[in-house]
file target-v3.cif (mmCIF, N, CA and C atoms)
data_upload
loop_
_atom_site.label_atom_id
_atom_site.label_comp_id
_atom_site.auth_asym_id
_atom_site.auth_seq_id
_atom_site.Cartn_x
_atom_site.Cartn_y
_atom_site.Cartn_z
N MET A 1 -52.42 14.34 53.96
CA MET A 1 -52.12 13.23 54.85
C MET A 1 -51.19 13.71 55.95
N LEU A 2 -51.25 13.04 57.07
CA LEU A 2 -50.33 13.34 58.17
C LEU A 2 -49.24 12.28 58.17
N GLN A 3 -48.01 12.72 58.08
CA GLN A 3 -46.87 11.81 58.06
C GLN A 3 -45.96 12.14 59.23
N THR A 4 -45.49 11.12 59.92
CA THR A 4 -44.60 11.34 61.05
C THR A 4 -43.23 10.75 60.75
N PHE A 5 -42.21 11.44 61.25
CA PHE A 5 -40.83 10.99 61.13
C PHE A 5 -40.24 10.99 62.51
N GLU A 6 -39.56 9.91 62.88
CA GLU A 6 -38.92 9.83 64.19
C GLU A 6 -37.44 9.56 64.01
N PHE A 7 -36.63 10.45 64.60
CA PHE A 7 -35.18 10.31 64.50
C PHE A 7 -34.55 10.05 65.85
N GLY A 8 -35.36 9.86 66.87
CA GLY A 8 -34.88 9.61 68.22
C GLY A 8 -36.06 9.35 69.12
N GLU A 9 -35.78 9.29 70.42
CA GLU A 9 -36.81 8.96 71.40
C GLU A 9 -37.52 10.18 71.98
N GLU A 10 -36.88 11.33 71.96
CA GLU A 10 -37.44 12.53 72.58
C GLU A 10 -38.47 13.18 71.67
N PRO A 11 -39.46 13.89 72.26
CA PRO A 11 -40.47 14.57 71.44
C PRO A 11 -39.88 15.53 70.41
N ILE A 12 -38.76 16.15 70.75
CA ILE A 12 -38.13 17.07 69.80
C ILE A 12 -37.56 16.34 68.57
N ASP A 13 -37.40 15.02 68.69
CA ASP A 13 -36.88 14.21 67.59
C ASP A 13 -37.99 13.62 66.72
N HIS A 14 -39.25 13.95 67.05
CA HIS A 14 -40.39 13.46 66.28
C HIS A 14 -40.96 14.63 65.48
N PHE A 15 -41.22 14.41 64.21
CA PHE A 15 -41.74 15.46 63.35
C PHE A 15 -43.07 15.02 62.77
N TYR A 16 -44.02 15.94 62.76
CA TYR A 16 -45.36 15.70 62.24
C TYR A 16 -45.54 16.63 61.05
N CYS A 17 -45.78 16.05 59.90
CA CYS A 17 -45.82 16.83 58.66
C CYS A 17 -47.17 16.62 57.97
N LEU A 18 -47.85 17.72 57.69
CA LEU A 18 -49.08 17.68 56.91
C LEU A 18 -48.67 17.78 55.45
N VAL A 19 -48.98 16.75 54.67
CA VAL A 19 -48.49 16.64 53.29
C VAL A 19 -49.65 16.78 52.30
N ASP A 20 -49.43 17.57 51.27
CA ASP A 20 -50.40 17.74 50.19
C ASP A 20 -50.32 16.52 49.28
N ARG A 21 -51.36 15.70 49.28
CA ARG A 21 -51.36 14.46 48.48
C ARG A 21 -51.48 14.73 47.00
N ASN A 22 -51.85 15.95 46.60
CA ASN A 22 -51.85 16.30 45.18
C ASN A 22 -50.43 16.39 44.66
N ILE A 23 -49.51 16.75 45.52
CA ILE A 23 -48.10 16.86 45.13
C ILE A 23 -47.38 15.53 45.38
N ARG A 24 -47.63 14.90 46.53
CA ARG A 24 -46.99 13.65 46.93
C ARG A 24 -48.04 12.64 47.38
N PRO A 25 -48.67 11.91 46.45
CA PRO A 25 -49.74 10.97 46.82
C PRO A 25 -49.31 9.93 47.85
N ASP A 26 -48.05 9.52 47.84
CA ASP A 26 -47.57 8.50 48.76
C ASP A 26 -46.82 9.08 49.95
N GLY A 27 -46.82 10.38 50.09
CA GLY A 27 -46.08 11.01 51.18
C GLY A 27 -44.66 11.35 50.79
N ILE A 28 -43.97 11.97 51.70
CA ILE A 28 -42.59 12.41 51.47
C ILE A 28 -41.65 11.23 51.59
N ASP A 29 -40.73 11.12 50.65
CA ASP A 29 -39.73 10.06 50.64
C ASP A 29 -38.48 10.56 51.34
N LEU A 30 -38.28 10.10 52.56
CA LEU A 30 -37.12 10.55 53.34
C LEU A 30 -35.80 10.15 52.70
N ALA A 31 -35.75 9.02 52.03
CA ALA A 31 -34.50 8.57 51.40
C ALA A 31 -34.02 9.59 50.37
N SER A 32 -34.94 10.15 49.60
CA SER A 32 -34.53 11.14 48.61
C SER A 32 -34.14 12.45 49.27
N LEU A 33 -34.78 12.79 50.39
CA LEU A 33 -34.44 14.02 51.08
C LEU A 33 -33.07 13.94 51.75
N GLN A 34 -32.61 12.75 52.07
CA GLN A 34 -31.29 12.60 52.70
C GLN A 34 -30.17 13.04 51.77
N LEU A 35 -30.44 13.08 50.48
CA LEU A 35 -29.44 13.50 49.50
C LEU A 35 -29.41 15.00 49.32
N THR A 36 -30.34 15.70 49.95
CA THR A 36 -30.48 17.15 49.81
C THR A 36 -29.44 17.89 50.64
N ASP A 37 -28.94 18.96 50.10
CA ASP A 37 -28.06 19.86 50.83
C ASP A 37 -28.83 20.37 52.05
N PRO A 38 -28.29 20.21 53.27
CA PRO A 38 -29.01 20.64 54.47
C PRO A 38 -29.43 22.11 54.44
N ARG A 39 -28.70 22.93 53.71
CA ARG A 39 -29.07 24.34 53.62
C ARG A 39 -30.36 24.56 52.83
N ASN A 40 -30.77 23.55 52.04
CA ASN A 40 -31.97 23.66 51.21
C ASN A 40 -33.10 22.75 51.68
N ILE A 41 -32.98 22.21 52.87
CA ILE A 41 -33.94 21.20 53.31
C ILE A 41 -35.36 21.76 53.43
N ASP A 42 -35.51 22.99 53.91
CA ASP A 42 -36.85 23.58 54.01
C ASP A 42 -37.50 23.71 52.64
N GLN A 43 -36.74 24.15 51.67
CA GLN A 43 -37.25 24.28 50.30
C GLN A 43 -37.66 22.91 49.75
N GLN A 44 -36.86 21.89 50.01
CA GLN A 44 -37.17 20.55 49.54
C GLN A 44 -38.44 20.01 50.17
N PHE A 45 -38.64 20.26 51.45
CA PHE A 45 -39.87 19.83 52.10
C PHE A 45 -41.07 20.51 51.44
N ARG A 46 -40.97 21.82 51.17
CA ARG A 46 -42.07 22.54 50.53
C ARG A 46 -42.34 21.98 49.14
N GLU A 47 -41.28 21.74 48.37
CA GLU A 47 -41.43 21.20 47.01
C GLU A 47 -42.00 19.79 47.02
N ASN A 48 -41.83 19.08 48.13
CA ASN A 48 -42.36 17.72 48.25
C ASN A 48 -43.74 17.69 48.90
N GLY A 49 -44.39 18.84 49.00
CA GLY A 49 -45.76 18.89 49.46
C GLY A 49 -45.98 19.13 50.93
N CYS A 50 -44.94 19.43 51.69
CA CYS A 50 -45.11 19.67 53.12
C CYS A 50 -45.78 21.03 53.33
N LEU A 51 -46.96 21.00 53.94
CA LEU A 51 -47.71 22.21 54.21
C LEU A 51 -47.38 22.79 55.59
N LEU A 52 -47.32 21.94 56.58
CA LEU A 52 -46.98 22.31 57.95
C LEU A 52 -46.09 21.22 58.54
N MET A 53 -45.15 21.61 59.36
CA MET A 53 -44.34 20.61 60.06
C MET A 53 -44.07 21.13 61.47
N PHE A 54 -44.31 20.25 62.43
CA PHE A 54 -44.07 20.57 63.83
C PHE A 54 -43.28 19.45 64.48
N THR A 55 -42.50 19.80 65.50
CA THR A 55 -41.85 18.78 66.32
C THR A 55 -42.85 18.28 67.34
N GLY A 56 -42.52 17.20 68.01
CA GLY A 56 -43.38 16.67 69.06
C GLY A 56 -43.60 17.68 70.18
N ASP A 57 -42.57 18.46 70.50
CA ASP A 57 -42.71 19.50 71.53
C ASP A 57 -43.71 20.56 71.09
N GLU A 58 -43.63 20.96 69.82
CA GLU A 58 -44.56 21.96 69.31
C GLU A 58 -45.99 21.42 69.28
N ILE A 59 -46.13 20.16 68.89
CA ILE A 59 -47.45 19.53 68.89
C ILE A 59 -48.03 19.55 70.31
N GLY A 60 -47.21 19.20 71.29
CA GLY A 60 -47.65 19.22 72.68
C GLY A 60 -48.12 20.60 73.12
N SER A 61 -47.39 21.63 72.73
CA SER A 61 -47.77 23.01 73.07
C SER A 61 -49.08 23.41 72.39
N LEU A 62 -49.23 23.04 71.12
CA LEU A 62 -50.45 23.37 70.39
C LEU A 62 -51.66 22.63 70.95
N ILE A 63 -51.45 21.40 71.40
CA ILE A 63 -52.54 20.65 72.05
C ILE A 63 -52.91 21.32 73.37
N ALA A 64 -51.90 21.71 74.15
CA ALA A 64 -52.15 22.36 75.45
C ALA A 64 -52.90 23.68 75.28
N ARG A 65 -52.63 24.40 74.20
CA ARG A 65 -53.32 25.67 73.93
C ARG A 65 -54.70 25.47 73.35
N GLY A 66 -55.02 24.23 72.95
CA GLY A 66 -56.33 23.95 72.36
C GLY A 66 -56.38 24.14 70.86
N ASP A 67 -55.22 24.38 70.22
CA ASP A 67 -55.18 24.57 68.77
C ASP A 67 -55.21 23.25 68.01
N LEU A 68 -54.80 22.16 68.66
CA LEU A 68 -54.82 20.83 68.04
C LEU A 68 -55.49 19.85 68.99
N ASP A 69 -56.07 18.81 68.40
CA ASP A 69 -56.73 17.75 69.16
C ASP A 69 -55.89 16.48 69.05
N ARG A 70 -55.38 16.00 70.17
CA ARG A 70 -54.52 14.81 70.19
C ARG A 70 -55.21 13.60 69.57
N ASP A 71 -56.52 13.46 69.78
CA ASP A 71 -57.26 12.31 69.27
C ASP A 71 -57.62 12.42 67.80
N ASN A 72 -57.49 13.62 67.26
CA ASN A 72 -57.83 13.85 65.86
C ASN A 72 -56.78 14.78 65.26
N LEU A 73 -55.53 14.37 65.34
CA LEU A 73 -54.41 15.23 64.98
C LEU A 73 -54.43 15.65 63.51
N HIS A 74 -54.69 14.71 62.60
CA HIS A 74 -54.68 15.03 61.18
C HIS A 74 -55.71 16.11 60.85
N GLU A 75 -56.94 15.89 61.25
CA GLU A 75 -57.99 16.85 60.93
C GLU A 75 -57.75 18.19 61.61
N SER A 76 -57.30 18.18 62.85
CA SER A 76 -57.08 19.44 63.54
C SER A 76 -55.89 20.20 62.94
N MET A 77 -54.87 19.50 62.45
CA MET A 77 -53.76 20.19 61.75
C MET A 77 -54.26 20.79 60.44
N PHE A 78 -55.14 20.08 59.74
CA PHE A 78 -55.72 20.59 58.50
C PHE A 78 -56.50 21.88 58.80
N HIS A 79 -57.32 21.87 59.85
CA HIS A 79 -58.09 23.06 60.20
C HIS A 79 -57.19 24.20 60.65
N LEU A 80 -56.11 23.89 61.35
CA LEU A 80 -55.15 24.92 61.74
C LEU A 80 -54.49 25.54 60.51
N ALA A 81 -54.15 24.72 59.53
CA ALA A 81 -53.54 25.23 58.30
C ALA A 81 -54.51 26.17 57.58
N LYS A 82 -55.78 25.80 57.55
CA LYS A 82 -56.79 26.67 56.93
C LYS A 82 -56.92 27.98 57.71
N LYS A 83 -56.99 27.87 59.02
CA LYS A 83 -57.15 29.04 59.88
C LYS A 83 -55.99 30.01 59.73
N GLU A 84 -54.78 29.48 59.57
CA GLU A 84 -53.58 30.30 59.48
C GLU A 84 -53.28 30.76 58.04
N GLY A 85 -54.14 30.38 57.09
CA GLY A 85 -53.97 30.83 55.71
C GLY A 85 -52.97 30.01 54.90
N VAL A 86 -52.56 28.86 55.40
CA VAL A 86 -51.63 28.00 54.66
C VAL A 86 -52.35 27.36 53.49
N LEU A 87 -53.62 27.06 53.69
CA LEU A 87 -54.46 26.46 52.63
C LEU A 87 -55.48 27.47 52.14
#

call {"tool": "encode", "arguments": {"input": "target-v3.cif", "output": "structure tokens"}}
result
Amino acid sequence: MLQTFEFGEEPIDHFYCLVDRNIRPDGIDLASLQLTDPRNIDQQFRENGCLLMFTGDEIGSLIARGDLDRDNLHESMFHLAKKEGVL
């Protein structure tokens, strides 16, 4: 599943996360992640099923390069993950 988190108005404050539903059927619970030591946040995202995560700026760059499709973001992120060997 594709899950988005917004912590502000700027694209850099928006995060797009491809989540493995086998690990987290309902997506990542941000409330539980807020209790995580910031030094371990990447590990916690991985343990919670995050396969790929990009900021809004990164998404924009990947769309401009043709690696992602704005109109089909979830599927194109899934294909990018496969292409890059994440899946």

call {"tool": "atom_distance", "arguments": {"input": "target-v3.cif", "atom1": "CA of Phe15 in chain A", "atom2": "CA of Phe54 in chain A"}}
result
5.6 Å

call {"tool": "atom_distance", "arguments": {"input": "target-v3.cif", "atom1": "atom C of Ala31 in chain A", "atom2": "CA of Thr4 in chain A"}}
result
15.1 Å

call {"tool": "residues_around", "arguments": {"input": "target-v3.cif", "residues": "Gly49 in chain A", "least_positions_apart": "4", "cutoff": "10 Å", "atoms": "only C-alpha atoms", "output": "PyMOL selection string"}}
result
chain A and resi 17-25+27-28+44-45

call {"tool": "residues_around", "arguments": {"input": "target-v3.cif", "residues": "Gly56 in chain A", "least_positions_apart": "2", "cutoff": "6.5 Å", "atoms": "only N, CA and C atoms", "output": "PDB file with N, CA and C atoms, in the coordinates of the input"}}
result
ATOM      1  N   PRO A  11     -39.460  13.890  72.260  1.00  0.00           N
ATOM      2  CA  PRO A  11     -40.470  14.570  71.440  1.00  0.00           C
ATOM      3  C   PRO A  11     -39.880  15.530  70.410  1.00  0.00           C
ATOM      4  N   ILE A  12     -38.760  16.150  70.750  1.00  0.00           N
ATOM      5  CA  ILE A  12     -38.130  17.070  69.800  1.00  0.00           C
ATOM      6  C   ILE A  12     -37.560  16.340  68.570  1.00  0.00           C
ATOM      7  N   ASP A  13     -37.400  15.020  68.690  1.00  0.00           N
ATOM      8  CA  ASP A  13     -36.880  14.210  67.590  1.00  0.00           C
ATOM      9  C   ASP A  13     -37.990  13.620  66.720  1.00  0.00           C
ATOM     10  N   HIS A  14     -39.250  13.950  67.050  1.00  0.00           N
ATOM     11  CA  HIS A  14     -40.390  13.460  66.280  1.00  0.00           C
ATOM     12  C   HIS A  14     -40.960  14.630  65.480  1.00  0.00           C
ATOM     13  N   PHE A  15     -41.220  14.410  64.210  1.00  0.00           N
ATOM     14  CA  PHE A  15     -41.740  15.460  63.350  1.00  0.00           C
ATOM     15  C   PHE A  15     -43.070  15.020  62.770  1.00  0.00           C
ATOM     16  N   TYR A  16     -44.020  15.940  62.760  1.00  0.00           N
ATOM     17  CA  TYR A  16     -45.360  15.700  62.240  1.00  0.00           C
ATOM     18  C   TYR A  16     -45.540  16.630  61.050  1.00  0.00           C
ATOM     19  N   PHE A  54     -44.310  20.250  62.430  1.00  0.00           N
ATOM     20  CA  PHE A  54     -44.070  20.570  63.830  1.00  0.00           C
ATOM     21  C   PHE A  54     -43.280  19.450  64.480  1.00  0.00           C
ATOM     22  N   GLU A  58     -43.630  20.960  69.820  1.00  0.00           N
ATOM     23  CA  GLU A  58     -44.560  21.960  69.310  1.00  0.00           C
ATOM     24  C   GLU A  58     -45.990  21.420  69.280  1.00  0.00           C
ATOM     25  N   ILE A  59     -46.130  20.160  68.890  1.00  0.00           N
ATOM     26  CA  ILE A  59     -47.450  19.530  68.890  1.00  0.00           C
ATOM     27  C   ILE A  59     -48.030  19.550  70.310  1.00  0.00           C
ATOM     28  N   GLY A  60     -47.210  19.200  71.290  1.00  0.00           N
ATOM     29  CA  GLY A  60     -47.650  19.220  72.680  1.00  0.00           C
ATOM     30  C   GLY A  60     -48.120  20.600  73.120  1.00  0.00           C
ATOM     31  N   SER A  61     -47.390  21.630  72.730  1.00  0.00           N
ATOM     32  CA  SER A  61     -47.770  23.010  73.070  1.00  0.00           C
ATOM     33  C   SER A  61     -49.080  23.410  72.390  1.00  0.00           C
TER      34      SER A  61
END

call {"tool": "atom_distance", "arguments": {"input": "target-v3.cif", "atom1": "atom C of Asp26 in chain A", "atom2": "atom N of His74 in chain A"}}
result
15.9 Å

call {"tool": "select_by_dssp", "arguments": {"input": "target-v3.cif", "residues": "chain A", "states": "strand (DSSP E)", "output": "list in words"}}
result
Leu2, Gln3, Thr4, Phe5, Glu6, His14, Phe15, Tyr16, Cys17, Leu18, Val19, Cys50, Leu51, Leu52, Met53, Phe54 and Thr55 of chain A

call {"tool": "select_by_dssp", "arguments": {"input": "target-v3.cif", "residues": "chain A", "states": "alpha helix (DSSP H)", "output": "ChimeraX atom specification"}}
result
/A:30-33,41-47,56-65,73-83

call {"tool": "closest_residue", "arguments": {"input": "target-v3.cif", "among": "A:Leu51, A:Leu68, A:Leu62, A:Leu33", "to": "Val86 in chain A", "atoms": "all atoms listed in the file"}}
result
A:Leu51

call {"tool": "closest_residue", "arguments": {"input": "target-v3.cif", "among": "A:Leu87, A:Ala81, A:Leu30, A:Leu35", "to": "Phe5 in chain A", "atoms": "only C-alpha atoms"}}
result
A:Leu30

call {"tool": "residues_around", "arguments": {"input": "target-v3.cif", "residues": "Asp67 in chain A", "least_positions_apart": "3", "cutoff": "7 Å", "atoms": "only N, CA and C atoms", "output": "JSON, numbers by chain"}}
result
{"A": [61, 62, 63, 64, 76, 77, 80]}
